[in-house]
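Presented below is the structure to which this report refers.
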Amino acid sequence: MKIGYSTLIRFSLAAAFSLLLAGCGQSTSTPQTASPPERSLKSTFTIGMSQCNLGEPWRVQMNEDIRKAADPQPGLTVVFKDAQNDTLKQRAHVEEFVSAGVDLLIISPKEAQPLTEPVAKAMNAGIPVIVLDRRLIGDRYTCFIGADNKKIGRAAGEWIKQKLGGKGTVVELKGLMTSTPGQDRHTGFREGIAGSAIEVIFEADMKWLEPDARKEMESALSRFNQIDLVYAHNDPGAHGAYLAAKAAGREKNMLFVGIDALPQEGVAYVSQGILSATLQYPTGGAEAIQTALKILKGESVPKEIVLGSRLFTKDNVATGGQVLP
Ligand code: FRU
């Protein structure tokens with residue numbers, strides 16, 4: 001095919017023009033959120049919600065809490081994406097939300113490190129970001145919402161120390177240690193039992209998953225004849241450990257403690273006598289929508305919103321648990 005001289009000129013002019021445009025785009029895309037007046041002119045908003053997985057009841061509840069809070073808001077749409085516990089998929093979801101130009105992003109990240117960069121890119125594109133429950137690294141986000149996992153772990157440790165009379169053998173089934181709640185529930189717990197004669201005889205990363213917890217507990221049971229208590233970083237983990245102990249006919253010889261305290265899960269296990277205690281870990285779904293609305297209206301929000309927790313035991317479960325001081 002022959003290309004005429006005038007066509008060539010037209011091509012090069014067009015190329016130069018688009019280069020110029022791209023250049024302009026770059027110079028105006030310095031990190032900033034849209035100015036408040038610009039936002040408040042809009043009457044419809046789309047929020048992208050990146051959920052790391054929906055395999056556990058707690059995350060289904062989080063999405064439900066978001067939906068319930070968002071539904072009555074006129075002009076507000078929430079688009080949900082489920083990364084099915086796959087970090088790469090979650091990174092792609094964040095990128096898709098950014099290309100789609102959502103007005104705000106809510107993310108409950110699977111892991112801290114790999115999701116930090118895509119979220120920073122969303123911020124650079126002018127999209128405000130609310131990080132829910134698990135943290136990222138650094139401070140390139142608009143607002144973090146979650147309970148204090150170190151405090152919850154410490155409260156679990158102190159309760160266990162008291163329950164066991166300051167001595168005994170414990171199995172610790174940890175949440176995914178590349179996620180911040182796992183790290184904090186571990187550190188807090190160790191602080192809580194410090195100075196006692198409690199010995200952690202077995203610890204393993206069960207990645208927040210009940211089947212993994214069950215498997216790890218089977219190894220613990222095969223290695224140790226005396227286990228006084230299992231501390232699991234979430235209720236599915238504590239339940240998995242209970243099932244392993246039950247299968248070995250040993251569930252009555254030990255106590256089980258978990259975290260999350262969903263009414264239909266952990267709290268029910270406490271009422272049924274399966275768990276001795278669970279500590280509430282609120283989903284923050286409703287707070288995320290309230291905060292998102294403020295951001296979209298151009299109001300300022302705190303960098304951190306810390307949610308409270310409650311301790312449920314057989315003595316207080318009927319009366320709604322006890323608020324952590
Ligand atoms: C669900 C879950 C909860 C836990 C939270 C920590 O995926 O494992 O059980 O409390 O994540 O991020």
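Within each chain, counting starts at residue 1; across the structure tokens, chains are named A, B, ... in the order shown, with ligands numbered 1 upward in that order.
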Neighbouring residues of ligand 1 are defined here as those with any atom at most 9 Å from a ligand atom, counting only C-alpha atoms and all ligand atoms; list them as a PyMOL selection string. chain A and resi 52-60+85+108-110+132-135+149+175-176+179-182+207-209+233-237+259-261+280-283
Would you export the selected residues with N, CA and C atoms as a compact mmCIF listing (two decimals), in the first residue's frame, please?
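Okay, result-v8.txt is ready:
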```txt
# COMPACT_ATOMS: atom_id res chain seq x y z
N CYS A 52 -11.40 -9.12 49.57
CA CYS A 52 -10.36 -10.11 49.28
C CYS A 52 -10.90 -11.54 49.12
N ASN A 53 -11.97 -11.84 49.82
CA ASN A 53 -12.62 -13.14 49.56
C ASN A 53 -13.99 -13.17 50.21
N LEU A 54 -14.80 -14.10 49.76
CA LEU A 54 -16.13 -14.23 50.38
C LEU A 54 -16.30 -15.65 50.91
N GLY A 55 -15.16 -16.29 51.19
CA GLY A 55 -15.20 -17.68 51.66
C GLY A 55 -15.61 -17.78 53.12
N GLU A 56 -15.40 -16.70 53.89
CA GLU A 56 -15.73 -16.77 55.31
C GLU A 56 -16.95 -15.92 55.62
N PRO A 57 -17.77 -16.40 56.57
CA PRO A 57 -19.01 -15.68 56.90
C PRO A 57 -18.76 -14.22 57.28
N TRP A 58 -17.60 -13.96 57.90
CA TRP A 58 -17.32 -12.58 58.34
C TRP A 58 -17.27 -11.62 57.17
N ARG A 59 -16.72 -12.06 56.04
CA ARG A 59 -16.61 -11.17 54.87
C ARG A 59 -17.94 -11.03 54.15
N VAL A 60 -18.73 -12.08 54.17
CA VAL A 60 -20.08 -11.99 53.60
C VAL A 60 -20.86 -10.94 54.39
N ASN A 85 -9.65 -14.73 47.45
CA ASN A 85 -8.42 -15.00 48.20
C ASN A 85 -7.17 -15.05 47.32
N SER A 108 -10.75 -4.08 51.22
CA SER A 108 -10.36 -4.89 52.37
C SER A 108 -9.29 -5.84 51.81
N PRO A 109 -8.02 -5.44 51.95
CA PRO A 109 -6.95 -6.15 51.21
C PRO A 109 -6.58 -7.50 51.83
N LYS A 110 -6.24 -8.44 50.97
CA LYS A 110 -5.80 -9.74 51.49
C LYS A 110 -4.48 -9.59 52.23
N LEU A 132 -10.25 -1.02 54.70
CA LEU A 132 -11.06 -1.63 55.75
C LEU A 132 -10.39 -2.87 56.32
N ASP A 133 -10.31 -2.98 57.62
CA ASP A 133 -9.93 -4.18 58.36
C ASP A 133 -8.44 -4.54 58.31
N ARG A 134 -7.93 -4.94 57.17
CA ARG A 134 -6.50 -5.25 57.08
C ARG A 134 -5.78 -4.03 56.52
N ARG A 135 -4.59 -3.77 57.04
CA ARG A 135 -3.87 -2.55 56.67
C ARG A 135 -2.97 -2.73 55.45
N ASN A 149 -6.38 -4.64 66.55
CA ASN A 149 -6.09 -6.08 66.67
C ASN A 149 -5.08 -6.41 67.76
N GLY A 175 -3.60 -16.33 62.10
CA GLY A 175 -4.17 -15.89 60.82
C GLY A 175 -3.02 -15.63 59.86
N LEU A 176 -3.33 -15.43 58.62
CA LEU A 176 -2.32 -15.19 57.60
C LEU A 176 -1.31 -14.15 58.08
N SER A 179 -0.79 -10.69 56.61
CA SER A 179 -1.86 -9.70 56.80
C SER A 179 -1.70 -9.12 58.20
N THR A 180 -2.04 -7.84 58.35
CA THR A 180 -1.75 -7.17 59.62
C THR A 180 -2.56 -7.67 60.82
N PRO A 181 -3.82 -8.10 60.66
CA PRO A 181 -4.51 -8.60 61.85
C PRO A 181 -3.83 -9.84 62.44
N GLY A 182 -3.28 -10.70 61.57
CA GLY A 182 -2.57 -11.89 62.05
C GLY A 182 -1.35 -11.48 62.88
N LYS A 207 -3.80 -19.37 58.03
CA LYS A 207 -4.22 -18.46 56.93
C LYS A 207 -5.68 -18.04 57.02
N TRP A 208 -6.24 -18.03 58.20
CA TRP A 208 -7.63 -17.63 58.47
C TRP A 208 -8.64 -18.71 58.07
N LEU A 209 -8.16 -19.89 57.63
CA LEU A 209 -9.07 -20.87 57.02
C LEU A 209 -9.36 -22.06 57.92
N HIS A 233 -6.76 -17.21 65.80
CA HIS A 233 -6.92 -15.79 65.48
C HIS A 233 -8.29 -15.44 64.90
N ASN A 234 -9.08 -16.46 64.54
CA ASN A 234 -10.48 -16.17 64.17
C ASN A 234 -11.36 -17.38 64.55
N ASP A 235 -12.67 -17.14 64.52
CA ASP A 235 -13.59 -18.20 64.94
C ASP A 235 -13.60 -19.41 64.01
N PRO A 236 -13.49 -19.22 62.68
CA PRO A 236 -13.39 -20.41 61.84
C PRO A 236 -12.19 -21.27 62.24
N GLY A 237 -11.07 -20.62 62.60
CA GLY A 237 -9.87 -21.36 63.04
C GLY A 237 -10.14 -22.12 64.32
N ILE A 259 -11.79 -15.32 67.62
CA ILE A 259 -12.01 -13.88 67.41
C ILE A 259 -12.96 -13.72 66.21
N ASP A 260 -13.81 -12.76 66.26
CA ASP A 260 -14.79 -12.30 65.24
C ASP A 260 -16.14 -12.06 65.91
N ALA A 261 -16.66 -13.11 66.59
CA ALA A 261 -17.93 -12.98 67.33
C ALA A 261 -19.09 -12.52 66.47
N GLN A 280 -15.11 -9.80 69.73
CA GLN A 280 -15.74 -9.23 68.54
C GLN A 280 -14.75 -8.46 67.66
N TYR A 281 -14.89 -8.69 66.36
CA TYR A 281 -14.11 -7.93 65.38
C TYR A 281 -15.12 -7.36 64.39
N PRO A 282 -15.56 -6.11 64.63
CA PRO A 282 -16.62 -5.55 63.79
C PRO A 282 -16.17 -5.40 62.35
N THR A 283 -17.10 -5.54 61.41
CA THR A 283 -16.71 -5.50 59.99
C THR A 283 -16.38 -4.08 59.52
```
Determine, counting only C-alpha atoms, which protein, DNA and RNA residues have an atom within 8 Å of an atom of Ala288 in chain A; residues of the same chain fewer than 4 positions away are not included. Present the result as a PDB file with N, CA, C and O atoms, in the first residue's frame.
```
ATOM      1  N   ILE A  66     -22.183  -3.246  54.169  1.00  0.00           N
ATOM      2  CA  ILE A  66     -21.964  -2.159  53.202  1.00  0.00           C
ATOM      3  C   ILE A  66     -23.236  -1.943  52.384  1.00  0.00           C
ATOM      4  O   ILE A  66     -23.712  -0.821  52.213  1.00  0.00           O
ATOM      5  N   ILE A 106     -13.309   1.342  48.113  1.00  0.00           N
ATOM      6  CA  ILE A 106     -13.175   0.720  49.431  1.00  0.00           C
ATOM      7  C   ILE A 106     -12.436  -0.592  49.188  1.00  0.00           C
ATOM      8  O   ILE A 106     -12.784  -1.331  48.267  1.00  0.00           O
ATOM      9  N   ILE A 130     -10.752   4.134  50.963  1.00  0.00           N
ATOM     10  CA  ILE A 130     -10.971   3.714  52.356  1.00  0.00           C
ATOM     11  C   ILE A 130     -10.450   2.292  52.491  1.00  0.00           C
ATOM     12  O   ILE A 130     -10.857   1.396  51.744  1.00  0.00           O
ATOM     13  N   LEU A 132     -10.249  -1.020  54.699  1.00  0.00           N
ATOM     14  CA  LEU A 132     -11.060  -1.629  55.750  1.00  0.00           C
ATOM     15  C   LEU A 132     -10.385  -2.869  56.317  1.00  0.00           C
ATOM     16  O   LEU A 132      -9.940  -3.725  55.541  1.00  0.00           O
ATOM     17  N   ILE A 145     -10.196   2.117  58.431  1.00  0.00           N
ATOM     18  CA  ILE A 145     -11.236   1.788  59.420  1.00  0.00           C
ATOM     19  C   ILE A 145     -11.029   0.346  59.884  1.00  0.00           C
ATOM     20  O   ILE A 145     -10.951  -0.576  59.067  1.00  0.00           O
ATOM     21  N   GLY A 284     -17.001  -3.072  60.129  1.00  0.00           N
ATOM     22  CA  GLY A 284     -16.759  -1.695  59.697  1.00  0.00           C
ATOM     23  C   GLY A 284     -17.485  -1.325  58.411  1.00  0.00           C
ATOM     24  O   GLY A 284     -17.264  -0.239  57.869  1.00  0.00           O
ATOM     25  N   ALA A 292     -17.475   7.238  53.449  1.00  0.00           N
ATOM     26  CA  ALA A 292     -17.423   7.476  51.998  1.00  0.00           C
ATOM     27  C   ALA A 292     -18.317   8.659  51.629  1.00  0.00           C
ATOM     28  O   ALA A 292     -17.926   9.520  50.828  1.00  0.00           O
TER      29      ALA A 292
END
```
Excluding Pro74 in chain A and its own-chain neighbours fewer than 6 positions away, which residues fall within 12 Å of it when counting only C-alpha atoms? Please give them as a PyMOL selection string. chain A and resi 43-46+293
Just the residues within 12 Å of range 152-162 of chain A, please, counting only C-alpha atoms, with nothing from its chain fewer than 6 positions along; format it as a PyMOL selection string. chain A and resi 146+168-172+174-175+181-200+228-234+255-261+276-282+307-313+322-325
Separation of CA of Asp86 in chain A from CA of Lys68 in chain A, in Å and rounded to one decimal: 26.0 Å
Taking the chain letters and numbering used in this document, name the residues of range 92-279 of chain A that DSSP puts in strand (DSSP E or B), as a PyMOL selection string. chain A and resi 104-108+129-132+143-147+167-174+197-205+229-232+255-260+277-279
From range 4-215 of chain A, collect each residue whose DSSP state is alpha helix (DSSP H) and return the set as an MDAnalysis selection string. chainID A and resid 5:28 36:41 57:70 87:100 112:124 149:163 180:193 210:215
